[in-house]
Every structure is written in C-alpha cells, then in structure tokens.
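Colleague: Following this line is structure_1.cif, made up of mmCIF, C-alpha atoms:
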```cif
data_input
#
loop_
_atom_site.label_atom_id
_atom_site.label_comp_id
_atom_site.auth_asym_id
_atom_site.auth_seq_id
_atom_site.Cartn_x
_atom_site.Cartn_y
_atom_site.Cartn_z
CA MET A 19 15.06 -22.62 -8.68
CA GLU A 20 16.03 -24.94 -5.82
CA LYS A 21 15.57 -22.04 -3.38
CA ILE A 22 11.88 -21.73 -4.25
CA GLN A 23 9.80 -23.10 -1.36
CA HIS A 24 6.64 -25.08 -2.08
CA SER A 25 3.66 -25.57 0.20
CA HIS A 26 -0.10 -26.10 0.19
CA VAL A 27 -2.23 -23.40 1.77
CA GLU A 28 -5.88 -23.88 2.73
CA VAL A 29 -7.99 -21.25 0.98
CA ARG A 30 -11.80 -21.32 0.94
CA GLY A 31 -11.88 -25.07 1.62
CA LEU A 32 -9.30 -25.98 -1.03
CA LYS A 33 -5.58 -26.61 -0.71
CA LEU A 34 -3.73 -24.34 -3.14
CA HIS A 35 -0.19 -25.02 -4.27
CA VAL A 36 2.03 -22.03 -3.46
CA ALA A 37 5.61 -21.39 -4.60
CA GLU A 38 7.56 -18.59 -2.96
CA ILE A 39 11.02 -17.14 -2.56
CA GLY A 40 12.37 -14.10 -0.77
CA SER A 41 11.22 -12.39 2.40
CA GLY A 42 10.10 -9.08 3.81
CA ASP A 43 6.93 -7.06 4.05
CA LYS A 44 6.91 -5.99 0.38
CA VAL A 45 5.00 -8.74 -1.39
CA VAL A 46 4.50 -9.56 -5.08
CA LEU A 47 1.82 -12.11 -6.00
CA PHE A 48 1.92 -13.62 -9.50
CA LEU A 49 -1.25 -14.85 -11.28
CA HIS A 50 -0.77 -17.25 -14.20
CA GLY A 51 -2.73 -17.65 -17.42
CA PHE A 52 -3.39 -20.65 -19.68
CA PRO A 53 -1.71 -23.00 -20.48
CA GLU A 54 0.53 -21.71 -17.71
CA ILE A 55 1.03 -22.57 -14.07
CA TRP A 56 3.18 -21.24 -11.18
CA TYR A 57 6.28 -22.32 -13.15
CA THR A 58 5.57 -19.74 -15.87
CA TRP A 59 6.95 -17.14 -13.42
CA ARG A 60 10.24 -18.98 -12.78
CA HIS A 61 12.37 -16.11 -14.14
CA GLN A 62 10.37 -13.37 -12.41
CA LEU A 63 10.17 -15.05 -8.99
CA ILE A 64 13.94 -15.19 -8.65
CA ALA A 65 14.57 -11.68 -10.03
CA VAL A 66 11.93 -10.07 -7.80
CA ALA A 67 13.20 -11.92 -4.71
CA ASN A 68 16.75 -10.83 -5.50
CA ALA A 69 15.46 -7.23 -5.63
CA GLY A 70 14.27 -7.53 -2.02
CA TYR A 71 10.65 -8.66 -2.29
CA ARG A 72 8.72 -11.67 -1.08
CA ALA A 73 7.69 -13.27 -4.39
CA ILE A 74 4.77 -15.70 -4.48
CA ALA A 75 3.21 -17.63 -7.36
CA PHE A 76 0.40 -20.14 -6.97
CA ASP A 77 -1.68 -22.51 -9.04
CA PHE A 78 -5.26 -21.30 -9.27
CA ARG A 79 -7.89 -23.74 -8.03
CA GLY A 80 -8.35 -26.53 -10.56
CA TYR A 81 -4.86 -26.00 -12.00
CA GLY A 82 -1.65 -27.96 -11.48
CA LEU A 83 -1.05 -29.07 -7.90
CA SER A 84 -4.00 -27.15 -6.40
CA ASP A 85 -7.24 -28.90 -5.46
CA GLN A 86 -10.14 -29.13 -7.87
CA PRO A 87 -13.37 -27.45 -6.75
CA SER A 88 -16.22 -29.92 -6.33
CA GLU A 89 -18.35 -28.31 -9.06
CA PRO A 90 -15.98 -26.67 -11.55
CA GLU A 91 -18.75 -25.88 -14.03
CA LYS A 92 -20.26 -23.45 -11.51
CA ALA A 93 -17.03 -21.42 -11.15
CA ASN A 94 -16.43 -17.96 -12.60
CA PHE A 95 -13.97 -15.08 -12.36
CA ASN A 96 -15.46 -13.86 -9.08
CA ASP A 97 -14.21 -17.08 -7.50
CA LEU A 98 -10.66 -16.20 -8.55
CA VAL A 99 -11.01 -12.67 -7.15
CA ASP A 100 -12.14 -14.13 -3.81
CA GLU A 101 -9.36 -16.70 -4.00
CA VAL A 102 -6.62 -14.07 -4.39
CA VAL A 103 -7.90 -12.06 -1.40
CA SER A 104 -8.38 -15.17 0.73
CA LEU A 105 -4.87 -16.39 -0.13
CA LEU A 106 -3.45 -13.06 1.04
CA ASP A 107 -5.47 -13.46 4.24
CA SER A 108 -4.23 -17.03 4.78
CA LEU A 109 -0.62 -15.90 4.32
CA GLY A 110 -1.09 -12.94 6.67
CA ILE A 111 -0.46 -10.38 3.91
CA SER A 112 -2.39 -7.12 4.13
CA LYS A 113 -1.29 -5.64 0.79
CA ALA A 114 0.56 -6.84 -2.32
CA PHE A 115 1.55 -6.01 -5.85
CA LEU A 116 -0.41 -8.20 -8.27
CA ILE A 117 1.17 -9.35 -11.53
CA GLY A 118 -1.14 -11.15 -13.95
CA LYS A 119 -0.46 -12.73 -17.33
CA ASP A 120 -3.08 -13.68 -19.94
CA PHE A 121 -6.37 -14.41 -18.10
CA GLY A 122 -4.54 -13.84 -14.78
CA ALA A 123 -4.72 -10.15 -15.70
CA ILE A 124 -8.48 -10.19 -15.17
CA PRO A 125 -8.53 -11.12 -11.45
CA ALA A 126 -5.49 -8.86 -10.90
CA TYR A 127 -7.47 -5.86 -12.12
CA LEU A 128 -10.73 -6.95 -10.49
CA VAL A 129 -9.11 -7.33 -7.06
CA ALA A 130 -7.85 -3.76 -7.47
CA VAL A 131 -11.40 -2.65 -8.33
CA VAL A 132 -13.20 -4.49 -5.51
CA HIS A 133 -10.51 -4.49 -2.80
CA PRO A 134 -8.30 -1.46 -3.54
CA GLU A 135 -6.92 -1.41 0.00
CA ARG A 136 -5.21 -4.78 -0.65
CA VAL A 137 -3.34 -3.74 -3.81
CA SER A 138 -0.07 -1.79 -3.95
CA GLY A 139 0.01 -1.86 -7.74
CA VAL A 140 -0.95 -3.97 -10.76
CA ILE A 141 1.19 -5.23 -13.63
CA THR A 142 -0.39 -7.17 -16.47
CA LEU A 143 1.18 -8.86 -19.46
CA GLY A 144 -0.54 -9.57 -22.75
CA VAL A 145 -4.09 -8.64 -21.69
CA PRO A 146 -5.38 -5.12 -20.98
CA PHE A 147 -8.22 -4.39 -18.58
CA MET A 148 -11.36 -6.24 -19.61
CA LEU A 149 -14.52 -6.88 -17.66
CA PRO A 150 -15.99 -10.39 -17.88
CA GLY A 151 -19.37 -10.17 -19.57
CA PRO A 152 -21.09 -10.51 -22.94
CA SER A 153 -18.79 -7.98 -24.66
CA ALA A 154 -15.45 -9.00 -23.10
CA VAL A 155 -14.21 -10.44 -26.41
CA GLN A 156 -15.99 -9.72 -29.69
CA ASN A 157 -16.15 -13.35 -30.87
CA HIS A 158 -18.73 -12.49 -33.52
CA LEU A 159 -16.22 -10.27 -35.32
CA LEU A 160 -13.79 -13.18 -35.73
CA PRO A 161 -14.14 -16.31 -37.88
CA GLU A 162 -16.14 -19.27 -36.59
CA GLY A 163 -12.93 -21.20 -35.88
CA PHE A 164 -11.59 -18.58 -33.41
CA TYR A 165 -9.99 -20.55 -30.58
CA ILE A 166 -12.01 -18.91 -27.78
CA SER A 167 -15.27 -19.67 -29.60
CA ARG A 168 -14.18 -23.27 -30.09
CA TRP A 169 -13.11 -23.72 -26.47
CA GLN A 170 -16.32 -22.13 -25.17
CA GLU A 171 -18.36 -24.87 -26.85
CA PRO A 172 -18.94 -27.61 -24.25
CA GLY A 173 -17.17 -30.83 -25.16
CA ARG A 174 -15.39 -29.55 -28.23
CA ALA A 175 -11.98 -28.79 -26.74
CA GLU A 176 -12.25 -31.91 -24.59
CA ALA A 177 -12.59 -34.00 -27.76
CA ASP A 178 -9.86 -32.04 -29.54
CA PHE A 179 -7.35 -32.28 -26.68
CA GLY A 180 -8.38 -35.86 -25.91
CA ARG A 181 -6.77 -37.10 -29.14
CA TYR A 182 -3.33 -36.37 -27.69
CA ASP A 183 -1.39 -36.78 -24.47
CA VAL A 184 -1.14 -33.76 -22.17
CA LYS A 185 2.46 -33.01 -23.14
CA THR A 186 1.51 -32.78 -26.81
CA VAL A 187 -1.43 -30.45 -26.06
CA ILE A 188 0.81 -28.09 -24.06
CA ARG A 189 3.51 -28.17 -26.75
CA ASN A 190 0.98 -27.43 -29.49
CA ILE A 191 -0.63 -24.51 -27.64
CA TYR A 192 2.67 -22.96 -26.54
CA THR A 193 4.03 -23.14 -30.07
CA LEU A 194 0.87 -21.95 -31.84
CA PHE A 195 0.15 -19.17 -29.37
CA SER A 196 3.66 -17.74 -29.50
CA GLY A 197 2.91 -16.61 -33.06
CA SER A 198 1.57 -13.20 -34.07
CA GLU A 199 -1.63 -14.45 -35.70
CA VAL A 200 -4.87 -15.17 -33.85
CA PRO A 201 -5.32 -18.97 -33.74
CA VAL A 202 -8.30 -19.79 -35.97
CA ALA A 203 -9.21 -23.30 -37.10
CA ALA A 204 -10.62 -24.03 -40.53
CA GLU A 205 -14.23 -25.13 -40.82
CA ASN A 206 -14.63 -28.71 -39.59
CA LYS A 207 -11.09 -28.63 -38.19
CA GLU A 208 -9.94 -28.17 -34.61
CA ILE A 209 -7.36 -25.91 -32.96
CA MET A 210 -4.92 -28.80 -32.48
CA ASP A 211 -5.07 -29.38 -36.25
CA LEU A 212 -3.33 -26.03 -36.76
CA PHE A 213 -0.10 -27.43 -35.36
CA ASP A 214 2.59 -28.61 -37.76
CA PRO A 215 4.46 -31.46 -36.00
CA SER A 216 7.71 -30.42 -37.70
CA THR A 217 7.65 -27.05 -35.89
CA PRO A 218 10.31 -26.91 -33.16
CA LEU A 219 9.67 -25.58 -29.68
CA PRO A 220 10.31 -21.84 -29.31
CA PRO A 221 14.02 -21.26 -28.48
CA TRP A 222 13.12 -19.87 -25.04
CA PHE A 223 11.03 -22.94 -24.10
CA SER A 224 13.06 -26.05 -23.39
CA GLN A 225 12.10 -29.72 -23.33
CA GLU A 226 12.60 -29.52 -19.57
CA ASP A 227 10.13 -26.61 -19.37
CA LEU A 228 7.64 -28.61 -21.42
CA SER A 229 8.05 -31.62 -19.12
CA VAL A 230 7.35 -29.49 -16.02
CA TYR A 231 4.19 -28.00 -17.55
CA ALA A 232 3.03 -31.42 -18.72
CA SER A 233 3.55 -33.01 -15.29
CA LEU A 234 1.45 -30.29 -13.64
CA TYR A 235 -1.39 -30.45 -16.17
CA GLU A 236 -1.34 -34.26 -16.03
CA LYS A 237 -2.28 -33.80 -12.39
CA SER A 238 -5.13 -31.33 -13.00
CA GLY A 239 -6.29 -31.96 -16.54
CA PHE A 240 -8.05 -29.21 -18.49
CA ARG A 241 -11.56 -29.36 -17.05
CA PHE A 242 -11.33 -26.27 -14.84
CA ALA A 243 -9.10 -24.41 -17.31
CA LEU A 244 -11.79 -24.63 -19.98
CA GLN A 245 -14.38 -23.31 -17.51
CA VAL A 246 -12.25 -20.43 -16.21
CA PRO A 247 -11.32 -18.49 -18.26
CA TYR A 248 -13.02 -19.56 -21.48
CA ARG A 249 -16.57 -20.58 -20.61
CA THR A 250 -17.05 -17.86 -18.02
CA LEU A 251 -15.55 -14.99 -20.00
CA THR A 252 -19.06 -13.94 -21.04
CA VAL A 253 -20.55 -14.23 -17.52
CA ASP A 254 -21.31 -10.80 -16.06
CA CYS A 255 -19.26 -10.32 -12.91
CA GLY A 256 -21.69 -7.80 -11.43
CA ILE A 257 -19.32 -4.81 -11.51
CA THR A 258 -20.48 -1.57 -13.09
CA GLU A 259 -18.29 1.46 -13.75
CA PRO A 260 -15.05 -0.18 -12.61
CA LYS A 261 -12.06 1.95 -11.66
CA VAL A 262 -8.50 0.78 -11.01
CA LYS A 263 -6.79 3.55 -9.06
CA ALA A 264 -3.68 1.59 -8.07
CA PRO A 265 -0.51 2.37 -10.05
CA SER A 266 -0.58 0.05 -13.06
CA LEU A 267 1.72 -1.16 -15.81
CA LEU A 268 0.69 -3.01 -18.97
CA ILE A 269 3.45 -4.85 -20.83
CA MET A 270 2.49 -5.78 -24.41
CA GLY A 271 4.55 -7.61 -26.99
CA GLU A 272 3.93 -6.05 -30.37
CA LYS A 273 3.90 -9.55 -31.88
CA ASP A 274 1.29 -10.76 -29.38
CA TYR A 275 -1.72 -12.12 -31.26
CA VAL A 276 -4.05 -10.54 -28.64
CA LEU A 277 -3.37 -7.14 -30.24
CA LYS A 278 -5.27 -8.47 -33.27
CA PHE A 279 -8.46 -9.13 -31.32
CA PRO A 280 -11.11 -6.69 -32.59
CA GLY A 281 -10.62 -3.25 -31.03
CA ILE A 282 -7.80 -4.24 -28.65
CA GLU A 283 -4.89 -2.42 -30.27
CA ASP A 284 -6.87 0.81 -30.58
CA TYR A 285 -8.11 0.44 -26.99
CA VAL A 286 -4.52 0.14 -25.74
CA ARG A 287 -2.83 2.70 -28.00
CA SER A 288 -5.55 5.37 -27.97
CA GLY A 289 -5.48 5.85 -24.22
CA ALA A 290 -9.07 4.62 -23.80
CA MET A 291 -7.95 2.10 -21.18
CA LYS A 292 -6.93 5.00 -18.92
CA HIS A 293 -10.62 5.84 -18.41
CA VAL A 294 -10.75 2.70 -16.26
CA VAL A 295 -7.11 2.23 -15.19
CA THR A 296 -6.40 5.82 -14.26
CA ASP A 297 -2.71 5.60 -13.27
CA LEU A 298 -1.43 3.54 -16.19
CA ASP A 299 1.91 3.17 -17.90
CA ILE A 300 2.26 0.98 -21.01
CA LYS A 301 5.45 -0.64 -22.27
CA PHE A 302 5.49 -2.06 -25.79
CA MET A 303 8.12 -4.66 -26.65
CA PRO A 304 8.68 -4.75 -30.43
CA GLU A 305 9.75 -8.40 -30.59
CA GLY A 306 7.53 -9.58 -27.76
CA ASN A 307 4.99 -12.36 -28.23
CA HIS A 308 2.19 -13.60 -25.97
CA PHE A 309 4.68 -15.30 -23.62
CA VAL A 310 6.95 -12.28 -23.37
CA HIS A 311 7.90 -12.94 -19.74
CA GLU A 312 9.41 -16.29 -20.76
CA GLN A 313 10.66 -15.13 -24.17
CA LEU A 314 12.45 -11.96 -22.98
CA PRO A 315 12.72 -12.37 -19.20
CA GLU A 316 15.56 -9.95 -18.56
CA GLN A 317 13.74 -7.04 -20.20
CA VAL A 318 10.44 -7.91 -18.54
CA ASN A 319 12.13 -8.28 -15.14
CA GLU A 320 13.70 -4.84 -15.55
CA PHE A 321 10.28 -3.29 -16.27
CA ILE A 322 8.78 -5.08 -13.26
CA ILE A 323 11.53 -4.20 -10.79
CA THR A 324 11.62 -0.56 -11.91
CA PHE A 325 7.83 -0.32 -11.39
CA LEU A 326 8.00 -2.02 -7.98
CA ALA A 327 10.79 0.29 -6.81
CA LYS A 328 8.89 3.37 -7.95
CA HIS A 329 5.71 2.41 -6.14
CA SER A 330 7.08 0.74 -2.98
CA THR A 331 6.77 2.91 0.12
#
```
Could you render the structure from this file as structure tokens?
Modeller:
Amino acid sequence: MEKIQHSHVEVRGLKLHVAEIGSGDKVVLFLHGFPEIWYTWRHQLIAVANAGYRAIAFDFRGYGLSDQPSEPEKANFNDLVDEVVSLLDSLGISKAFLIGKDFGAIPAYLVAVVHPERVSGVITLGVPFMLPGPSAVQNHLLPEGFYISRWQEPGRAEADFGRYDVKTVIRNIYTLFSGSEVPVAAENKEIMDLFDPSTPLPPWFSQEDLSVYASLYEKSGFRFALQVPYRTLTVDCGITEPKVKAPSLLIMGEKDYVLKFPGIEDYVRSGAMKHVVTDLDIKFMPEGNHFVHEQLPEQVNEFIITFLAKHST
C-alpha cells in the first residue's frame, strides 16, 4: 500500500484525488461505487500493477478527497462519463481498461458506448449494464422501504444518516449490504434502523479499513453521493440504442442482493444483456456478495488479470 502514489489532478475545473501504482502504456482505471472510495480497490491496484499495468483509482467528484462541484444537485451520470474521459486526457492516456463496481459500472459502460475509441475493455462487478432513466431500477415492484426509493427522497437519507457519525453510517451500510437480501426498511422506519449493533464487521473488512473509509467520507460527506447515483438514476442520459462493443466481463456474486432486484437475475442469466454488451463473458462466484472484490480478492484478481492479458495488444 505504501507504494501507491497519491496526487490531485485538475479535471473540468475540479481537483480529483488520484491513487496509482505501476507503470507502462497499458492502463487500468478503477471506478468505485457507494459507500466506496479509491481505497475499495486496494487489493486490485497492487495485483494489477504487479501484473505489469499502470493501475489508477480515483475519487469521483464530490467523494472522499476530490473537490465538491459547486452545484451538486445539478449533477448526473453524464458528468461522470465526461469526468472519466477528461481524467484520461489530463493524465495523457489515450486508451484504458475500465473496471467499475456498483454504480461505477454505469459510467464504465457509458464511456464505452459514447467514446469506444478510449476503451480497451470493460469489467464490472455487482451491476450489469443499465441505462440511467425512468426504468433503470423497477422501484415500484419493490416494497416502499426499498433503500433506493428511500435515498431518492430528498432529505430522508440526510435525516437518517444524520443521527449517527460517519463511521457508524459506513459500518452499517457495509454490514447490511454484504448480505444476500435487498435492504428494505419497515414502514415508518429508516434504512439505518435495519442494522443490529451486535452484528460484527464482515471478516474481510477490518477496523482499519472502516477507519480509512470513515476518514474519507468525513471529508466529503454524503451530499453528492445521494445525488449521484441515487437521485439521478432515473434521469434520462440521452442515449438511445446503446451498444458496448469493447470486450467485457461481468463478475457477479451469487449472494449479491442486486440479483434480487426485479428482472436482474433473468437479464444476466438469460443472455439478454448480450444484446447491448455484445462481447460479454460472465463469471458467477457462488459465495460472492456485493463487495466481492474485497471479500474474495484473490479470485477476483485472477479473473481481472486473465481478462486483461487476453485483451491487451
């Protein structure tokens, strides 16, 4: 970890925090989800660099050590697509592999749709291809207390999270969301109320890990994170008939709660996703949960490095 270099890079008027290790002209750019940050890729950065790649992870705008945009409530997924491309420009990188986890999968795929010449390949974990817009997630088919519905409601998550310190919020989400059931609050209860304080941290997530996450979110807060992804998931991104032609790999834990979103498991297993992502391989991990890259890093790293080697020219 001490070999990872940290810097701030000016991108579209904001200074983004960038962590990188390794060198060479074969580049892998990692895109985090929520409640993650660059540190979520700690195992993958080192493994990919050791395999001969320049490995880069950054904090999206509004997250961790990156600057906050001046008007976060106006942001949407298109801003993240532009941010990824502009970051590559700022770093002098013409083409990269994109690896996205959770909501980071969405800009990874969308960059490949809009800027295919910049993408060597796409790997996503936990989230298949989905297009931001009214039908991205079928909230209406889930109970009223579905966490995305709750967090899309202005002010509600702010009040829920605001009852606790940042470290407690991160601990609660990491623990709850590593389960196989979709987090759903009871009527008149909040998502944080689902957490049982006697539940230990997952065995693959240490107190030190929790402290790092907490320190980064203490810097940024949750304001932008609630906007992107949650409150812009239904905003049409203006793309019709998307196609991802870059070689792609989807890694899904079979105990990932996302598979229980309406229609998702059938979409992934039936091959329907290949209508959009045409050169797609899918790896299922029987014991994998939503944080599979932290839970089972050696297996995930092997999948990643095998894919990179196959598609590096």
Colleague: So, counting only C-alpha atoms, which residue among A:Lys237, A:Lys301, A:Lys278, A:Arg30 is closest to Leu160 in chain A?
Modeller: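 Checking each candidate against Leu160 in chain A, we get A:Lys278 as the closest.
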Colleague: For this file, the PyMOL selection byres ((chain A and resi 33) around 9) selects which residues, as a PyMOL selection string?
Modeller: chain A and resi 26-32+34-35+79+83-86
Colleague: Env of Gly82 in chain A: 10 Å cut, atoms = all atoms listed in the file, seq-sep filter 4 positions within chain, self excluded. Answer as a ChimeraX atom specification.
Modeller: /A:34-35,54-57,76-78,86,231-240
Colleague: Identify all residues satisfying the PyMOL selection byres ((chain A and resi 185) around 8) in the given file; provide them as a ChimeraX atom specification.
Modeller: /A:183-184,186-189,228-229,231-233
Colleague: Name the closest residue to Pro201 in chain A among the candidates A:Ile74, A:Leu326, A:Val276, A:Met270; distances are taken between atoms, counting only C-alpha atoms.
Modeller: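 The answer is A:Val276, which sits nearest to Pro201 in chain A.
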Colleague: Give as a PyMOL selection string the residues that the PyMOL selection byres ((chain A and resi 132) around 10) matches when applied to the coordinates above.
Modeller: chain A and resi 99-100+127-131+133-136+257+260-262
Colleague: What does the distance between CA of Asp284 in chain A and CA of Leu298 in chain A come to in Å, to one decimal place?
Modeller: 15.6 Å
Colleague: Between CA of Asp178 in chain A and CA of Gly118 in chain A, measure the distance and give it in Å to one decimal.
Modeller: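 Rounded to one decimal, the two atoms are 27.5 Å apart.
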Colleague: Could you please give me, as a PyMOL selection string, the residues of protein, DNA or RNA lying at most 12 Å from (4.7, -15.3, -27.9) in the coordinate frame of the file, considering all atoms listed in the file?
Modeller: chain A and resi 120+143-144+191-200+219-223+270-277+303-314
Colleague: If you count all atoms listed in the file, which residues fall within 10 Å of range 21-24 of chain A, apart from same-chain ones fewer than 6 positions away, as a list in words?
Modeller: His35, Val36, Ala37, Glu38, Ile39, Gly40, Arg60, Leu63, Ile64, Ala67, Ala73, Ile74, Ala75 and Phe76 of chain A
